[in-house]
Amino acid sequence: MTVLVAGLGNMFCSDDAFGVAVVAELSQHSLPDGVEVRDFGIRGIHLAYQLLEPYDLVVLVDTVERGGPPGTVYLIEAEPGAEPGPEVSMDAHDLGPDAVLSLVPRLGGTVGPVVVVGCEPAAVDAGIGLSAAVQDAVGTAAQLVVDLVTGQVAGPASRTGVTEGKL
């Protein structure tokens, strides 16, 4: 099984660095062969090109604003959107995860199953360092990623502190 775990976010925008922090935490874990963990930061275009490779599963780790309390960890089943229109910029700094997923078909690829391990931010304004609530969620999210890539994820009732949904 080939899996890509992609940490996303801007380390200069406080809680937006969540995905980067989770990828750093995952470096402390032993993961199965075939699992590739990478920090894509704000390089969405690079992620789009990476997704041209065939993966059995893609796990995006990022902040997501869904209205919950800061630090809430979400497991979200992503569904690639329609192909982006001509207004979608190829600027690496402008592509969010939804735009990246919808760009892959335009580049000639197909996207397999994608899940997002997300965290509700407290703030994404300029600043370095995660808020306390989001920092506390890093370990929970890293363990969720480990469980996903090792096939240990059961039903939602088995994950304390994780909210599930669709993107």
# chains A, B, ... in the order shown; residues from 1 in each chain; ligands from 1

$ closest_atom_pairs --of "range 16-35 of chain A" --to "range 118-128 of chain A" --cutoff "8 Å" --atoms "only C-alpha atoms" --output "JSON lines"
{"residue": "A:Asp16", "atom": "CA", "partner": "A:Val124", "partner_atom": "CA", "distance": 5.3}
{"residue": "A:Phe18", "atom": "CA", "partner": "A:Cys119", "partner_atom": "CA", "distance": 7.4}
{"residue": "A:Gly19", "atom": "CA", "partner": "A:Gly118", "partner_atom": "CA", "distance": 8.0}

$ select_by_dssp --residues "range 51-142 of chain A" --states "helix (DSSP H, G or I)" --output "list of chain:residue names"
A:Pro97, A:Asp98, A:Ala99, A:Val100, A:Leu101, A:Ser102, A:Leu103, A:Val104, A:Pro105, A:Arg106, A:Leu107, A:Ala132, A:Ala133, A:Val134, A:Gln135, A:Asp136, A:Ala137, A:Val138, A:Gly139, A:Thr140, A:Ala141, A:Ala142

$ closest_atom_pairs --of "range 17-41 of chain A" --to "range 140-149 of chain A" --cutoff "7 Å" --atoms "only C-alpha atoms" --output "JSON lines"
{"residue": "A:Val22", "atom": "CA", "partner": "A:Ala142", "partner_atom": "CA", "distance": 5.6}
{"residue": "A:Glu25", "atom": "CA", "partner": "A:Ala142", "partner_atom": "CA", "distance": 6.5}
{"residue": "A:Leu26", "atom": "CA", "partner": "A:Ala142", "partner_atom": "CA", "distance": 6.0}

$ write_last_selection --atoms "C-alpha atoms" --output "CSV table (one decimal), in the first residue's frame"
chain,number,residue,atom,x,y,z
A,22,VAL,CA,2.0,17.1,12.9
A,25,GLU,CA,5.6,14.8,15.3
A,26,LEU,CA,5.2,11.9,12.9

$ closest_residue --among "A:Val104, A:Ile76, A:Leu130, A:Ile45" --to "Val64 in chain A" --atoms "only C-alpha atoms"
A:Ile76

$ select_by_dssp --residues "chain A" --states "strand (DSSP E)" --output "PyMOL selection string"
chain A and resi 3-8+35-41+57-63+73-78+114-119+162-166

$ closest_residue --among "A:Thr2, A:Glu53, A:Asp98, A:Pro105" --to "Asp33 in chain A" --atoms "only C-alpha atoms"
A:Thr2

$ residues_around --residues "Ala17 in chain A" --least-positions-apart "6" --cutoff "9 Å" --atoms "only C-alpha atoms" --output "count of residues only"
12

$ atom_distance --atom1 "CA of Ser131 in chain A" --atom2 "CA of Asp15 in chain A"
6.3 Å

$ atom_distance --atom1 "CA of Val5 in chain A" --atom2 "CA of Gln135 in chain A"
19.0 Å

$ closest_residue --among "A:Ala137, A:Thr72, A:Gly151, A:Ile42" --to "Phe12 in chain A" --atoms "only C-alpha atoms"
A:Ile42

$ closest_residue --among "A:Leu52, A:Val23, A:Leu57, A:Val138" --to "Gly108 in chain A" --atoms "only C-alpha atoms"
A:Leu52

$ closest_residue --among "A:Ser27, A:Tyr74, A:Gly67, A:Met1" --to "Asp39 in chain A" --atoms "only C-alpha atoms"
A:Ser27

$ closest_residue --among "A:Leu4, A:Val111, A:Leu101, A:Cys13" --to "Gly44 in chain A" --atoms "only C-alpha atoms"
A:Leu101
